[in-house]
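Engineer: Here you go, this is start-v6.cif (mmCIF, C-alpha atoms).
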```
data_structure
loop_
_atom_site.label_atom_id
_atom_site.label_comp_id
_atom_site.auth_asym_id
_atom_site.auth_seq_id
_atom_site.Cartn_x
_atom_site.Cartn_y
_atom_site.Cartn_z
CA MET A 488 11.00 -40.96 -8.30
CA VAL A 489 12.57 -37.55 -7.50
CA SER A 490 16.02 -37.86 -5.91
CA ARG A 491 16.82 -36.25 -2.54
CA ALA A 492 19.20 -33.85 -4.30
CA ASN A 493 16.45 -32.66 -6.64
CA ARG A 494 14.06 -32.26 -3.73
CA GLN A 495 16.62 -30.18 -1.88
CA ALA A 496 17.31 -27.86 -4.83
CA PRO A 497 14.15 -25.67 -4.49
CA ASP A 498 14.88 -25.24 -0.76
CA ASP A 499 18.48 -24.18 -1.46
CA ALA A 500 17.41 -21.78 -4.22
CA TYR A 501 14.77 -20.22 -1.97
CA GLN A 502 17.15 -19.82 0.96
CA HIS A 503 19.73 -18.19 -1.34
CA MET A 504 17.12 -15.77 -2.72
CA VAL A 505 15.87 -14.79 0.75
CA GLY A 506 19.45 -14.46 2.01
CA GLN A 507 20.28 -12.01 -0.78
CA ALA A 508 17.07 -10.04 -0.24
CA THR A 509 17.53 -9.69 3.53
CA LYS A 510 21.31 -9.22 3.49
CA GLY A 511 22.55 -6.75 6.10
CA LYS A 512 19.25 -6.71 8.01
CA LYS A 513 18.92 -4.13 10.78
CA SER A 514 15.98 -2.84 12.80
CA TYR A 515 12.96 -1.63 10.85
CA GLU A 516 13.39 1.83 12.38
CA ALA A 517 16.95 1.98 11.01
CA MET A 518 15.70 1.08 7.53
CA ALA A 519 12.94 3.70 7.54
CA PRO A 520 13.74 6.99 5.81
CA VAL A 521 13.66 10.19 7.87
CA GLN A 522 10.43 11.88 6.94
CA ALA A 523 9.20 15.30 8.00
CA PRO A 524 5.65 15.30 9.43
CA TYR A 525 2.92 16.69 7.22
CA THR A 526 2.33 20.38 7.82
CA PRO A 527 -0.94 21.79 6.46
CA PRO A 528 -0.63 24.98 4.42
CA PRO A 529 -1.49 28.25 6.23
CA ALA A 530 -5.05 29.47 5.95
CA PRO A 531 -5.56 32.20 3.33
CA ALA A 532 -5.77 35.76 4.60
CA PRO A 533 -9.32 37.15 4.82
CA ALA A 534 -10.37 39.34 1.92
CA PRO A 535 -10.46 43.08 2.71
CA GLU A 536 -13.89 44.52 3.31
CA ALA A 537 -15.37 46.56 0.47
CA PRO A 538 -15.98 50.28 1.00
CA ALA A 539 -19.42 51.05 2.38
CA ALA A 540 -20.68 52.70 -0.80
CA GLN A 541 -19.53 49.75 -2.93
CA ALA A 542 -20.94 47.18 -0.50
CA ALA A 543 -24.30 48.83 -0.65
CA ALA A 544 -24.49 48.43 -4.40
CA GLU A 545 -26.64 45.54 -5.50
CA THR A 546 -24.64 43.01 -7.54
CA PRO A 547 -25.93 39.67 -8.79
CA PRO A 548 -24.38 36.63 -7.03
CA PRO A 549 -21.77 34.72 -9.06
CA PHE A 550 -23.11 31.77 -11.02
CA ASP A 551 -22.50 28.44 -9.30
CA PHE A 552 -20.87 26.07 -11.78
CA SER A 553 -20.35 23.33 -9.19
CA ALA A 554 -23.63 21.64 -10.13
CA PHE A 555 -22.14 20.84 -13.54
CA ALA A 556 -18.79 19.58 -12.22
CA PRO A 557 -18.07 15.83 -12.09
CA GLN A 558 -18.26 14.10 -8.71
CA GLY A 559 -14.98 14.26 -6.87
CA ASP A 560 -12.35 16.93 -6.55
CA LYS A 561 -9.91 17.38 -9.43
CA ARG A 562 -6.34 17.78 -8.14
CA GLY A 563 -3.16 17.66 -10.15
CA GLY A 564 -4.90 16.58 -13.33
CA ARG A 565 -6.79 13.66 -11.78
CA ILE A 566 -10.10 13.18 -10.03
CA THR A 567 -9.87 12.52 -6.30
CA PRO A 568 -12.91 10.41 -5.32
CA THR A 569 -15.38 11.59 -2.71
CA GLU A 570 -15.64 9.75 0.61
CA ALA A 571 -18.79 7.98 -0.62
CA GLN A 572 -16.99 6.84 -3.78
CA LYS A 573 -14.04 5.59 -1.74
CA HIS A 574 -16.35 3.54 0.47
CA ALA A 575 -18.23 2.08 -2.49
CA GLY A 576 -15.12 1.68 -4.66
CA ASN A 577 -17.01 2.95 -7.72
CA TYR A 578 -14.48 5.36 -9.18
CA SER A 579 -11.98 5.18 -12.01
CA LYS A 580 -8.79 3.21 -11.29
CA GLN A 581 -5.76 2.08 -13.21
CA HIS A 582 -5.29 -1.64 -13.72
CA LEU A 583 -2.19 -3.73 -14.32
CA SER A 584 -0.99 -7.32 -14.31
CA PHE A 585 2.14 -7.97 -12.22
CA HIS A 586 3.49 -11.36 -13.33
CA GLY A 587 -0.09 -12.59 -13.57
CA LEU A 588 -1.44 -10.88 -10.45
CA PRO A 589 -4.44 -8.66 -11.34
CA ILE A 590 -4.03 -5.34 -9.53
CA SER A 591 -6.15 -2.20 -9.33
CA ILE A 592 -4.21 1.00 -8.57
CA GLU A 593 -6.15 3.39 -6.34
CA THR A 594 -3.37 5.95 -5.82
CA PRO A 595 -0.52 6.18 -8.38
CA LYS A 596 3.03 7.03 -7.37
CA GLY A 597 3.36 10.75 -6.67
CA ALA A 598 -0.35 11.29 -6.05
CA THR A 599 -1.67 12.29 -2.63
CA ARG A 600 -3.61 9.78 -0.58
CA GLU A 601 -5.69 11.09 2.29
CA GLY A 602 -8.00 9.89 5.01
CA LYS A 603 -8.85 10.35 8.69
CA ASP A 604 -7.19 8.85 11.75
CA HIS A 605 -8.97 7.41 14.80
CA THR A 606 -9.50 10.94 16.18
CA GLY A 607 -11.03 12.26 12.98
CA LYS A 608 -7.95 14.28 12.05
CA VAL A 609 -7.28 14.43 8.31
CA TRP A 610 -3.93 13.04 7.11
CA ARG A 611 -2.32 13.34 3.70
CA CYS A 612 0.68 11.59 2.19
CA LYS A 613 2.37 11.67 -1.20
CA MET A 614 2.64 8.03 -2.24
CA PRO A 615 6.15 6.67 -2.88
CA ALA A 616 4.85 3.90 -5.18
CA ASP A 617 1.70 2.76 -6.91
CA TYR A 618 -0.80 1.69 -4.23
CA GLY A 619 -3.91 -0.40 -4.63
CA TYR A 620 -5.19 -3.92 -4.13
CA ILE A 621 -5.08 -7.40 -5.62
CA LYS A 622 -8.35 -8.33 -7.27
CA ARG A 623 -10.37 -11.35 -6.15
CA THR A 624 -8.77 -11.38 -2.70
CA GLU A 625 -10.02 -10.55 0.77
CA GLY A 626 -7.77 -9.22 3.51
CA ALA A 627 -8.10 -9.25 7.28
CA ASP A 628 -10.12 -6.00 7.21
CA GLY A 629 -12.75 -7.46 4.88
CA ASP A 630 -11.53 -5.46 1.87
CA HIS A 631 -9.15 -6.59 -0.86
CA LEU A 632 -5.52 -7.31 0.05
CA ASP A 633 -3.54 -4.05 -0.15
CA VAL A 634 -0.40 -3.88 -2.27
CA PHE A 635 2.44 -1.50 -3.09
CA VAL A 636 4.07 -1.88 -6.51
CA GLY A 637 7.66 -0.67 -6.51
CA PRO A 638 9.92 0.34 -9.41
CA ASP A 639 11.51 -3.07 -10.17
CA ARG A 640 8.75 -4.70 -12.21
CA GLY A 641 11.00 -7.66 -12.99
CA SER A 642 11.44 -8.69 -9.34
CA ARG A 643 9.86 -11.99 -8.30
CA MET A 644 10.37 -11.34 -4.58
CA VAL A 645 7.45 -10.44 -2.32
CA PHE A 646 7.81 -8.84 1.10
CA LEU A 647 4.58 -9.48 2.99
CA ILE A 648 4.15 -7.19 6.00
CA ASN A 649 2.11 -8.29 8.99
CA GLN A 650 0.88 -4.82 9.88
CA ASN A 651 -0.01 -4.01 13.49
CA ASP A 652 -2.01 -1.18 15.00
CA HIS A 653 0.82 1.10 16.13
CA ARG A 654 -1.16 2.12 19.23
CA THR A 655 -2.09 -1.34 20.53
CA GLY A 656 0.51 -3.59 18.85
CA LYS A 657 -2.24 -5.98 17.73
CA PHE A 658 -2.35 -7.47 14.23
CA ASP A 659 -4.30 -5.27 11.83
CA GLU A 660 -3.90 -6.48 8.23
CA HIS A 661 -1.36 -7.41 5.55
CA LYS A 662 0.47 -5.11 3.15
CA ALA A 663 2.21 -6.78 0.22
CA ILE A 664 5.28 -5.08 -1.26
CA LEU A 665 5.98 -6.01 -4.87
CA GLY A 666 8.58 -4.61 -7.24
CA THR A 667 11.48 -4.43 -4.77
CA THR A 668 14.59 -6.59 -4.42
CA SER A 669 15.60 -6.17 -0.77
CA GLU A 670 14.01 -5.94 2.65
CA ARG A 671 15.61 -2.54 3.20
CA GLN A 672 14.08 -1.19 -0.01
CA ALA A 673 10.66 -2.63 0.94
CA VAL A 674 10.77 -1.09 4.43
CA ALA A 675 11.80 2.33 3.10
CA LEU A 676 8.96 2.27 0.57
CA TYR A 677 6.39 1.17 3.17
CA CYS A 678 7.40 3.72 5.80
CA ALA A 679 7.35 6.57 3.28
CA ALA A 680 3.63 5.90 2.79
CA PHE A 681 2.80 7.18 6.30
CA SER A 682 2.84 10.89 7.12
CA ASP A 683 2.79 10.38 10.91
CA GLY A 684 6.31 8.92 11.04
CA CYS A 685 5.02 5.70 12.66
CA GLY A 686 5.45 3.36 9.67
CA ALA A 687 8.19 1.28 11.33
CA LYS A 688 6.09 0.90 14.47
CA ARG A 689 3.35 -0.69 12.38
CA ILE A 690 5.60 -3.51 11.15
CA GLY A 691 4.88 -6.64 13.17
CA SER A 692 7.12 -8.69 10.90
CA ILE A 693 8.21 -8.91 7.28
CA GLU A 694 7.82 -12.27 5.57
CA PRO A 695 9.99 -12.59 2.42
CA MET A 696 8.93 -15.16 -0.15
CA SER A 697 8.93 -15.88 -3.86
CA LEU A 698 6.12 -14.63 -6.04
CA ASP A 699 5.02 -18.23 -6.65
CA ALA A 700 4.81 -18.93 -2.90
CA PHE A 701 2.82 -15.68 -2.44
CA LYS A 702 0.34 -16.74 -5.13
CA HIS A 703 0.01 -20.10 -3.38
CA TRP A 704 -0.78 -18.29 -0.10
CA LEU A 705 -3.43 -16.17 -1.82
CA LYS A 706 -4.99 -19.30 -3.32
CA GLN A 707 -5.15 -20.90 0.14
CA GLY A 708 -7.18 -17.92 1.37
CA LYS A 709 -5.41 -17.70 4.73
CA THR A 710 -5.34 -13.92 4.64
CA LYS A 711 -7.09 -13.21 7.94
CA THR A 712 -4.23 -14.02 10.32
CA PRO A 713 -0.51 -13.13 10.50
CA ALA A 714 1.50 -14.85 7.78
CA LYS A 715 4.66 -16.92 8.28
CA ALA A 716 6.96 -17.18 5.26
CA LYS A 717 8.50 -20.49 6.38
CA THR A 718 5.08 -22.17 6.65
CA ILE A 719 3.91 -20.72 3.33
CA VAL A 720 7.05 -21.78 1.45
CA GLU A 721 7.12 -25.28 2.95
CA HIS A 722 3.48 -25.87 2.01
CA ALA A 723 4.02 -24.52 -1.51
CA LEU A 724 7.05 -26.81 -1.97
CA ALA A 725 5.11 -29.81 -0.67
CA VAL A 726 2.32 -29.17 -3.17
CA THR A 727 4.86 -28.80 -6.00
CA ARG A 728 6.60 -32.05 -5.06
CA SER A 729 3.32 -33.94 -4.91
CA LYS A 730 2.70 -33.06 -8.55
CA THR A 731 6.09 -34.37 -9.77
#
```
As structure tokens, how would this structure be written, given the file I've shared?

Structural biologist:
Amino acid sequence: MVSRANRQAPDDAYQHMVGQATKGKKSYEAMAPVQAPYTPPPAPAPAPEAPAAQAAAETPPPFDFSAFAPQGDKRGGRITPTEAQKHAGNYSKQHLSFHGLPISIETPKGATREGKDHTGKVWRCKMPADYGYIKRTEGADGDHLDVFVGPDRGSRMVFLINQNDHRTGKFDEHKAILGTTSERQAVALYCAAFSDGCGAKRIGSIEPMSLDAFKHWLKQGKTKTPAKAKTIVEHALAVTRSKT
């Protein structure tokens, strides 16, 4: 029989860990770094017209080497996948194991991630951390659960963001922040991943929990609705106690 003191110990340890991670909490907007909006580079100046005599001369068209190029656009020493490859997910990715969590990295730290907003406007953002997804999971949007992997690979804290649509305020999906040790650090990392300056407005709530409790939540498969850290931790502790 486990004594009341021993049962209380995991709760006390968890509360201490969360207290340290969320120490000095302020508004999410106050935690977000000031970020200048993305400004597209100016269009190149048109080439000067050739003199009439030179234009009249017949010259063979330049050979098109694009047919021999690999699919995707090579930028900064890496291949950026085409839209079709992004949709299908059939392009080269990095893979890592974060304390046993199998993760595929779609956009490494420092690389540019791009897409289109609801109006069709193209956005681009230099990623502040490795960004990808946790394998063998399914998020609220039907794809894998998205994850940011920060610099502290020894951290066993997870900050799970209930992300909202910043226009409607309705729940959208989850974003898991790994590799950070404080809520402030997690918020700064998350907000830096949006070029429109609306990262803080997307945060419905941040649910801090241990890595073990996060794994328990993934195993439960309750990834379609907003998460509550208290409920997740209490259920994980109850399962642990039942096995002792």

Engineer: Just so the selection is clear, what residues does the PyMOL selection byres ((chain A and resi 686-700) around 9) cover here, as a PyMOL selection string?

Structural biologist: chain A and resi 501+504-505+508-509+514-519+586+642-654+656-659+665+670+674+677-685+701-705+713-717+719-724

Engineer: Report, in Å to a single decimal, how far apart CA of Leu583 (chain A) and CA of Pro595 (chain A) are.

Structural biologist: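 Going from CA of Pro595 (chain A) over to CA of Leu583 (chain A), I get 11.7 Å.
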
Engineer: Given only C-alpha atoms as the basis, pick out the residue of A:Gly641, A:Gly619, A:Pro531, A:Gly607 nearest to Ile590 (chain A).

Structural biologist: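 Among the listed residues, the smallest separation from Ile590 (chain A) belongs to A:Gly619.
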
Engineer: Any chance you could work out the residue set of the PyMOL selection byres ((chain A and resi 612) around 7) here, as a list in words?

Structural biologist: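 Evaluating the PyMOL selection byres ((chain A and resi 612) around 7) on this file yields Thr599, Arg600, Glu601, Trp610, Arg611, Lys613, Met614, Ala680, Phe681 and Ser682 of chain A.
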
Engineer: Would you kindly return, as a PyMOL selection string, each protein, DNA or RNA residue with an atom no farther than 9 Å from any atom of Phe635 (chain A), considering all atoms listed in the file and excluding same-chain residues fewer than 6 positions away?

Structural biologist: chain A and resi 592+615-620+662-666+676-677

Engineer: Which distance in Å separates CA of Thr594 (chain A) and CA of Lys706 (chain A), to one decimal?

Structural biologist: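 Separating CA of Thr594 (chain A) from CA of Lys706 (chain A) is a distance of 25.4 Å.
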
Engineer: Any idea what the distance is between CA of Lys603 (chain A) and CA of Lys711 (chain A)?

Structural biologist: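 CA of Lys711 (chain A) lies 23.6 Å from CA of Lys603 (chain A).
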